[in-house]
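Engineer: Contents of model.txt (compact mmCIF, C-alpha atoms):
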```txt
# COMPACT_ATOMS: atom_id res chain seq x y z
CA MET A 191 54.14 89.70 80.58
CA ASN A 192 56.04 86.41 81.09
CA THR A 193 58.62 87.61 78.54
CA ILE A 194 59.28 90.83 80.49
CA LYS A 195 59.63 88.84 83.72
CA LYS A 196 62.15 86.47 82.08
CA LEU A 197 64.20 89.40 80.81
CA LYS A 198 64.26 90.95 84.27
CA ASN A 199 65.45 87.67 85.81
CA SER A 200 68.22 87.30 83.13
CA TYR A 201 69.40 90.87 83.64
CA SER A 202 69.54 90.39 87.42
CA GLY A 203 71.59 87.22 86.95
CA LEU A 204 74.06 89.02 84.63
CA LEU A 205 74.53 91.77 87.18
CA LEU A 206 75.20 89.18 89.86
CA VAL A 207 77.87 87.48 87.74
CA MET A 208 79.55 90.80 86.92
CA ALA A 209 79.58 91.83 90.56
CA THR A 210 81.14 88.52 91.56
CA VAL A 211 83.89 88.82 88.92
CA PHE A 212 84.62 92.41 89.97
CA ALA A 213 84.88 91.40 93.63
CA LEU A 214 87.25 88.53 92.85
CA THR A 215 89.42 90.77 90.66
CA ALA A 216 89.60 93.54 93.24
CA CYS A 217 90.65 91.09 95.98
CA LYS A 218 93.26 89.30 93.86
CA LYS A 219 96.85 90.10 94.97
CA GLU A 220 99.01 91.47 92.14
CA GLU A 221 102.13 89.25 92.03
CA PRO A 222 105.42 90.54 90.57
CA ALA A 223 106.71 88.89 87.43
CA LYS A 224 108.57 85.74 88.32
CA TYR A 225 111.75 84.26 86.89
CA SER A 226 111.44 82.09 83.83
CA GLY A 227 113.97 80.14 81.82
CA ASP A 228 114.05 82.90 79.24
CA ASN A 229 115.59 85.41 81.65
CA PHE A 230 118.94 86.85 80.67
CA VAL A 231 121.77 88.60 82.48
CA TYR A 232 124.32 91.00 81.06
CA PHE A 233 127.29 93.23 81.97
CA MET A 234 126.97 96.89 82.88
CA ASN A 235 130.44 98.43 83.03
CA GLN A 236 130.05 102.12 82.21
CA ALA A 237 129.10 104.95 84.55
CA VAL A 238 126.23 107.09 83.28
CA LEU A 239 125.44 110.50 84.76
CA ASN A 240 121.72 110.26 84.12
CA PRO A 241 120.59 106.60 84.13
CA ASN A 242 116.96 107.58 83.55
CA SER A 243 117.78 108.86 80.07
CA ALA A 244 120.15 106.05 79.08
CA THR A 245 119.77 102.76 77.24
CA VAL A 246 121.58 99.51 77.91
CA ARG A 247 124.23 100.40 75.35
CA ASN A 248 125.09 103.51 77.37
CA PHE A 249 125.95 101.26 80.30
CA TYR A 250 128.01 98.76 78.32
CA LYS A 251 131.38 98.85 76.55
CA ASP A 252 132.82 95.69 75.06
CA VAL A 253 136.49 96.73 75.40
CA VAL A 254 137.97 98.87 78.19
CA GLU A 255 141.64 99.85 78.31
CA PHE A 256 143.51 101.57 81.13
CA SER A 257 147.06 102.16 82.31
CA TYR A 258 148.41 102.02 85.83
CA LEU A 259 150.75 104.89 84.93
CA THR A 260 148.05 107.54 84.72
CA PRO A 261 147.68 109.59 87.92
CA LEU A 262 144.22 108.31 88.94
CA ASN A 263 145.25 104.67 88.42
CA GLN A 264 148.57 104.62 90.24
CA VAL A 265 147.54 101.91 92.68
CA GLU A 266 148.81 98.44 93.51
CA SER A 267 145.54 96.91 92.35
CA MET A 268 142.32 98.12 90.79
CA VAL A 269 139.25 96.97 92.72
CA PHE A 270 136.14 97.43 90.61
CA ASN A 271 133.12 99.20 92.15
CA LYS A 272 135.33 100.59 94.91
CA PRO A 273 134.33 104.16 95.79
CA GLY A 274 136.85 106.83 94.93
CA SER A 275 138.79 108.02 91.92
CA GLY A 276 140.34 105.56 89.55
CA SER A 277 137.75 102.84 90.04
CA PHE A 278 135.57 101.23 87.40
CA PRO A 279 131.97 99.98 87.61
CA LEU A 280 131.29 96.32 86.87
CA LEU A 281 127.75 95.06 87.46
CA LEU A 282 125.72 92.02 86.50
CA GLN A 283 122.21 93.05 85.54
CA ALA A 284 119.30 90.66 85.11
CA ASP A 285 116.17 91.58 83.21
CA GLY A 286 113.29 93.20 85.06
CA ARG A 287 111.71 90.01 86.36
CA ILE A 288 112.60 88.85 89.85
CA SER A 289 112.75 85.59 91.72
CA SER A 290 112.22 84.59 95.31
CA GLU A 291 115.44 82.53 95.04
CA ASN A 292 119.08 83.46 94.53
CA ARG A 293 119.99 83.00 90.86
CA LYS A 294 123.50 81.80 90.13
CA VAL A 295 125.59 83.55 87.49
CA ILE A 296 128.57 81.78 85.93
CA VAL A 297 131.51 84.07 85.10
CA GLN A 298 134.43 82.71 83.13
CA VAL A 299 137.72 84.54 82.53
CA GLU A 300 140.19 84.01 79.68
CA GLY A 301 143.27 85.84 78.43
CA ASP A 302 146.98 86.26 79.05
CA GLY A 303 146.34 88.53 82.04
CA GLN A 304 144.53 85.91 84.12
CA GLU A 305 147.32 85.73 86.70
CA TYR A 306 146.61 89.36 87.61
CA CYS A 307 142.84 88.90 87.84
CA ILE A 308 141.08 88.02 91.10
CA LEU A 309 137.36 87.21 90.94
CA PRO A 310 135.05 86.63 93.91
CA HIS A 311 134.45 82.99 94.80
CA PRO A 312 132.12 81.40 92.22
CA ASP A 313 129.55 80.53 94.91
CA SER A 314 129.27 84.20 95.85
CA ILE A 315 128.33 85.36 92.35
CA PHE A 316 124.55 85.41 92.03
CA ILE A 317 121.59 87.71 91.58
CA PRO A 318 120.13 87.93 95.11
CA ALA A 319 116.52 86.94 95.73
CA ASN A 320 114.03 89.70 94.87
CA GLU A 321 116.78 91.74 93.17
CA ILE A 322 118.06 92.12 89.61
CA GLN A 323 121.65 93.35 90.11
CA PHE A 324 124.99 92.17 91.49
CA SER A 325 128.25 94.13 91.92
CA LEU A 326 131.13 92.04 90.60
CA ASN A 327 134.05 93.24 92.73
CA MET A 328 136.81 91.99 90.48
CA GLU A 329 140.41 92.95 91.26
CA LEU A 330 143.17 93.51 88.71
CA VAL A 331 146.63 93.52 90.29
CA ARG A 332 149.22 95.82 88.73
CA PRO A 333 152.01 93.90 86.97
CA PRO A 334 155.62 94.67 88.00
CA LEU A 335 156.63 98.17 86.90
CA THR A 336 159.36 96.73 84.70
CA ASP A 337 156.67 95.00 82.61
CA THR A 338 155.18 97.39 80.07
CA SER A 339 153.31 94.80 78.01
CA THR A 340 149.55 94.89 77.55
CA LYS A 341 147.64 92.32 79.62
CA THR A 342 144.26 91.16 78.39
CA ILE A 343 141.38 89.38 80.06
CA THR A 344 137.90 88.68 78.76
CA LEU A 345 134.98 87.98 81.08
CA TYR A 346 132.20 85.75 79.77
CA LEU A 347 128.75 85.12 81.20
CA ARG A 348 127.98 81.45 80.62
CA ASN A 349 124.64 79.65 80.48
CA SER A 350 123.38 78.12 83.70
CA ASP A 351 120.15 76.68 85.06
CA ASP A 352 119.08 80.24 85.90
CA PHE A 353 120.25 82.29 82.92
CA SER A 354 121.07 81.96 79.23
CA PRO A 355 123.33 84.97 78.55
CA GLU A 356 125.11 83.42 75.59
CA SER A 357 122.08 84.17 73.44
CA HIS A 358 122.58 87.97 73.51
CA VAL A 359 125.34 90.46 72.74
CA TRP A 360 126.22 91.89 76.16
CA ASN A 361 127.58 88.70 77.65
CA LYS A 362 131.32 89.49 77.49
CA VAL A 363 133.71 92.36 78.21
CA THR A 364 137.43 92.65 77.56
CA TYR A 365 139.88 94.58 79.72
CA LYS A 366 143.31 95.61 78.42
CA PHE A 367 145.52 96.90 81.20
CA GLY A 368 149.06 97.19 82.50
CA ASN A 369 151.86 99.72 82.75
CA LEU A 370 150.94 101.10 79.37
CA PHE A 371 152.54 104.22 77.93
CA VAL A 372 149.78 106.75 77.43
CA LEU A 373 149.85 110.47 76.78
CA PRO A 374 150.78 112.29 80.04
CA GLN A 375 148.05 114.60 81.26
CA PHE A 376 149.99 117.84 80.69
CA TYR A 377 152.09 116.79 77.71
CA VAL A 378 150.78 119.69 75.65
CA GLN A 379 152.75 122.01 77.94
CA ILE A 380 156.05 120.20 77.41
CA GLU A 381 155.67 119.22 73.75
CA PRO A 382 157.73 122.26 72.62
CA VAL A 383 160.63 120.82 74.66
CA TYR A 384 160.14 117.06 74.30
CA GLY A 385 158.68 117.01 70.81
CA GLU A 386 155.92 114.82 69.46
CA TYR A 387 154.65 112.18 71.89
CA SER A 388 155.28 108.50 71.32
CA PRO A 389 155.42 105.52 73.71
CA ALA A 390 158.88 104.65 72.34
CA LYS A 391 160.15 108.10 73.31
CA LEU A 392 158.82 107.79 76.86
CA TYR A 393 160.46 104.42 77.31
CA ALA A 394 163.76 105.82 75.97
CA ILE A 395 163.54 108.67 78.49
CA TYR A 396 162.88 106.21 81.29
CA GLU A 397 165.76 103.95 80.29
CA ALA A 398 168.22 106.83 79.87
CA VAL A 399 167.50 108.20 83.36
CA HIS A 400 167.13 104.84 85.12
CA ARG A 401 170.41 103.39 83.86
CA LYS A 402 172.42 106.15 85.57
CA GLY A 403 171.65 104.49 88.88
CA VAL A 404 171.19 105.70 92.43
CA ASP A 405 174.71 107.06 92.92
CA TYR A 406 174.38 109.44 89.99
CA TRP A 407 171.27 111.11 91.39
CA LYS A 408 171.52 110.87 95.19
CA ASP A 409 173.50 114.10 95.73
CA ASP A 410 172.27 115.95 92.64
CA ALA A 411 171.86 119.64 93.41
CA ASP A 412 168.83 120.08 91.13
CA VAL A 413 167.01 117.10 92.64
CA ILE A 414 167.71 118.37 96.16
CA ALA A 415 166.54 121.91 95.36
CA LEU A 416 163.35 120.73 93.67
CA ASN A 417 162.44 118.22 96.39
CA THR A 418 163.17 120.75 99.15
CA TRP A 419 160.62 123.05 97.57
CA LEU A 420 158.10 120.24 97.06
CA THR A 421 158.52 119.21 100.72
CA SER A 422 157.75 122.76 101.86
CA ARG A 423 154.49 122.58 99.90
CA ASN A 424 153.52 119.07 101.10
CA GLN A 425 153.86 117.63 97.61
CA ILE A 426 155.12 114.23 96.45
CA LEU A 427 158.87 114.24 95.89
CA VAL A 428 160.54 113.53 92.58
CA GLY A 429 162.08 110.06 92.76
CA PHE A 430 165.37 109.21 91.10
CA GLU A 431 166.65 106.54 93.49
CA PRO A 432 165.83 104.49 91.49
CA PHE A 433 163.86 106.17 88.72
CA THR A 434 160.63 104.28 87.93
CA LEU A 435 157.92 104.62 85.31
CA LEU A 436 155.70 106.23 87.94
CA ASP A 437 158.46 108.76 88.64
CA LEU A 438 158.65 109.49 84.91
CA TYR A 439 154.95 110.28 84.65
CA TYR A 440 155.02 112.31 87.82
CA PHE A 441 157.93 114.42 86.62
CA LEU A 442 156.38 115.03 83.19
CA ASN A 443 153.07 116.08 84.74
CA LEU A 444 154.86 118.19 87.37
CA VAL A 445 155.36 120.86 84.72
CA ASN A 446 151.84 122.12 85.34
CA TYR A 447 152.45 122.53 89.08
CA ALA A 448 155.92 124.02 88.61
CA ARG A 449 154.76 126.61 86.11
CA THR A 450 151.79 127.52 88.30
CA TRP A 451 153.59 127.89 91.62
CA ALA A 452 157.27 128.41 90.77
CA ARG A 453 157.99 131.69 89.01
CA ALA A 454 160.63 131.78 86.31
CA GLY A 455 164.02 132.56 87.81
CA THR A 456 163.31 131.07 91.25
CA PRO A 457 165.66 128.29 92.47
CA GLN A 458 162.96 125.65 92.24
CA ARG A 459 162.01 126.64 88.70
CA ILE A 460 165.66 126.70 87.63
CA ALA A 461 166.12 123.23 89.16
CA PHE A 462 163.07 121.86 87.35
CA ASP A 463 164.12 123.30 83.99
CA SER A 464 167.69 122.08 84.50
CA LEU A 465 166.50 118.53 85.23
CA THR A 466 164.28 118.64 82.15
CA ASN A 467 167.22 119.61 79.93
CA ARG A 468 169.46 116.96 81.48
CA ILE A 469 166.87 114.24 81.03
CA ILE A 470 166.58 115.11 77.36
CA ALA A 471 170.39 115.21 76.99
CA LEU A 472 170.73 111.76 78.58
CA THR A 473 168.07 110.42 76.25
CA LYS A 474 169.86 111.81 73.21
CA GLU A 475 173.04 110.06 74.36
CA LEU A 476 171.12 106.78 74.49
CA MET A 477 169.67 107.41 71.04
CA ILE A 478 173.14 107.95 69.55
CA GLU A 479 174.44 104.77 71.19
CA ARG A 480 171.56 102.71 69.82
CA LYS A 481 171.90 104.17 66.34
CA ASN A 482 175.65 103.48 66.27
CA ALA A 483 174.91 99.92 67.37
CA GLY A 484 172.53 99.50 64.44
CA THR A 485 169.40 99.42 66.61
CA PRO A 486 167.93 102.93 66.44
CA ILE A 487 164.98 103.77 68.69
CA VAL A 488 161.90 104.04 66.50
CA ASP A 489 158.24 104.75 67.12
CA ALA A 490 155.23 102.77 65.91
CA SER A 491 155.54 104.25 62.41
CA GLY A 492 159.13 103.08 62.08
CA ALA A 493 160.58 106.59 62.26
CA GLU A 494 163.38 107.39 64.69
CA ILE A 495 162.30 109.32 67.75
CA SER A 496 163.60 112.89 67.97
CA PHE A 497 163.60 115.99 70.12
CA PRO A 498 163.24 119.61 68.87
```
Written as structure tokens, how would this file's structure read?

Structural biologist:
Amino acid sequence: MNTIKKLKNSYSGLLLVMATVFALTACKKEEPAKYSGDNFVYFMNQAVLNPNSATVRNFYKDVVEFSYLTPLNQVESMVFNKPGSGSFPLLLQADGRISSENRKVIVQVEGDGQEYCILPHPDSIFIPANEIQFSLNMELVRPPLTDTSTKTITLYLRNSDDFSPESHVWNKVTYKFGNLFVLPQFYVQIEPVYGEYSPAKLYAIYEAVHRKGVDYWKDDADVIALNTWLTSRNQILVGFEPFTLLDLYYFLNLVNYARTWARAGTPQRIAFDSLTNRIIALTKELMIERKNAGTPIVDASGAEISFP
């Protein structure tokens, strides 16, 4: 009988302990994971249509290249994360743990394009308290249009008291930018006339037209006829006074608009086709001059550029 009584008392005590533990657990506030010295931060510089189905590698690209001559990028400076076409994302992402304090991120820039790179003030670059992301609104200023060299910058995330990014692979990104010769958007439509694309050929075209100067083009009947038509349709005019690299790309891409809205045989279409033929003729003159001078214009393969 005493044994049964002792067992009852022990069982009652066990239930009391379990009830107390349950009560304490139920009342305990669930705290979010806090920052620790093992936290890391990394770049996210690619737009993803469906972030929920993407991995970190979908958001990250180690090298990004762009030209200020392409239509969407024809701006005086590229401001990253700026809404609208032609902009690029550039975010700093910490791991999922948060902190009640701002966490400083150290960004270092290197490369021969540093003079064209504007970063926010170092004191303003941090992961805000209770957040895990920061938009790095870097600005890359377009070099002078006469400069067609490739500019390069590399951004590094450096170790700090708050983060140790140098221990993982997403801690740097490289941007190659400038007034780079790239394939015009509608080149496939003009390839039968201009021939195979090459950056050397585009630069030769630009030089041949540009060197004629303002006086050669200012009263040109074809330019006047084409721009009169473009004005009537609220379109950008073709610029020859002086002729710039942006004008070159605009004229080459204008073929799509001209063929869509200017029927063959109309004055505006005749003017466009006539300018195309003259541009090619001027370029061929330049090619002959260079070849006779012993400095032929060649592409990357070493072959002389040519037209059909």

Engineer: Hey, which of A:Leu347, A:Leu435, A:Ile470, A:Ala237 ends up closest to Tyr258 in chain A? Count all atoms listed in the file.

Structural biologist: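 Of A:Leu347, A:Leu435, A:Ile470, A:Ala237, the one nearest Tyr258 in chain A is A:Leu435, counting all atoms listed in the file.
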
Engineer: Extract, using only C-alpha atoms, all DNA, RNA and protein residues at most 12 Å from Thr466 in chain A, discarding same-chain residues fewer than 2 positions from it, and format them as a list in words.

Structural biologist: Ile380, Val383, Tyr384, Ile395, Val399, Asp412, Val413, Leu416, Leu438, Phe441, Leu442, Asn443, Leu444, Val445, Ala448, Arg459, Ile460, Ala461, Phe462, Asp463, Ser464, Arg468, Ile469, Ile470, Ala471, Leu472 and Thr473 of chain A

Engineer: With a distance cut-off of 8 Å and all atoms listed in the file, select the neighbouring residues of Thr344 in chain A, excluding the residue or stretch itself and same-chain residues fewer than 6 positions from it, and output the selection as a short mmCIF file (atom, residue, chain, number, x, y, z; two decimals) with C-alpha atoms, in the coordinates of the input.

Structural biologist:
```cif
data_model
loop_
_atom_site.label_atom_id
_atom_site.label_comp_id
_atom_site.auth_asym_id
_atom_site.auth_seq_id
_atom_site.Cartn_x
_atom_site.Cartn_y
_atom_site.Cartn_z
CA VAL A 299 137.72 84.54 82.53
CA GLU A 300 140.19 84.01 79.68
CA GLY A 301 143.27 85.84 78.43
CA LYS A 362 131.32 89.49 77.49
CA VAL A 363 133.71 92.36 78.21
CA THR A 364 137.43 92.65 77.56
CA TYR A 365 139.88 94.58 79.72
#
```

Engineer: Using CA of Pro382 in chain A and CA of Phe256 in chain A as the two end points, give the distance in Å to one decimal.

Structural biologist: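 Computing it gives 26.5 Å between the two atoms.
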
Engineer: Between CA of Ala452 in chain A and CA of Tyr406 in chain A, measure the distance and give it in Å to one decimal.

Structural biologist: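 Here the two named atoms are 25.6 Å from each other.
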
Engineer: Taking all atoms listed in the file into account, which of A:Pro432, A:Pro310, A:Pro261, A:Pro334 comes nearest Tyr396 in chain A?

Structural biologist: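 Going through A:Pro432, A:Pro310, A:Pro261, A:Pro334 one by one, the smallest distance to Tyr396 in chain A is for A:Pro432.
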
Engineer: So which one's closest to Thr338 in chain A, A:Tyr447, A:Phe497, A:Phe371, A:Phe353? Using all atoms listed in the file, please.

Structural biologist: A:Phe371

Engineer: Restricting the calculation to only C-alpha atoms: of A:Ser277, A:Asn292, A:Ser357, A:Ser350, which residue gets closest to Leu330 in chain A?

Structural biologist: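 For Leu330 in chain A, the nearest of the candidates is A:Ser277.
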
Engineer: Rank nothing, just name the residue among A:Pro279, A:Pro374, A:Gly368, A:Pro498 nearest to Ser257 in chain A, using all atoms listed in the file.

Structural biologist: A:Gly368

Engineer: Restricting the calculation to all atoms listed in the file: of A:Lys474, A:Ala493, A:Arg348, A:Ser339, which residue gets closest to Asp302 in chain A?

Structural biologist: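 Closest to Asp302 in chain A of all the choices is A:Ser339.
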
Engineer: Pick out the residues sitting within 6 Å of range 231-235 of chain A, and hand them over as number ranges by chain; count only C-alpha atoms, and ignore anything fewer than 4 positions along from it in its own chain.

Structural biologist: A: 249-250, 279-284, 355, 360-361

Engineer: Excluding same-chain residues fewer than 6 positions from range 417-429 of chain A, what lies within 8 Å of it counting only C-alpha atoms, as a ChimeraX atom specification?

Structural biologist: /A:437,440-441,458

Engineer: By how many Å are CA of Gln375 in chain A and CA of Leu262 in chain A apart?

Structural biologist: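 Value for the CA of Gln375 in chain A-CA of Leu262 in chain A distance: 10.6 Å.
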
Engineer: Compile the contact shell of Val404 in chain A as a ChimeraX atom specification: residues with an atom at most 12 Å away, counting only C-alpha atoms, same-chain residues fewer than 6 positions apart removed.

Structural biologist: /A:410,429-434
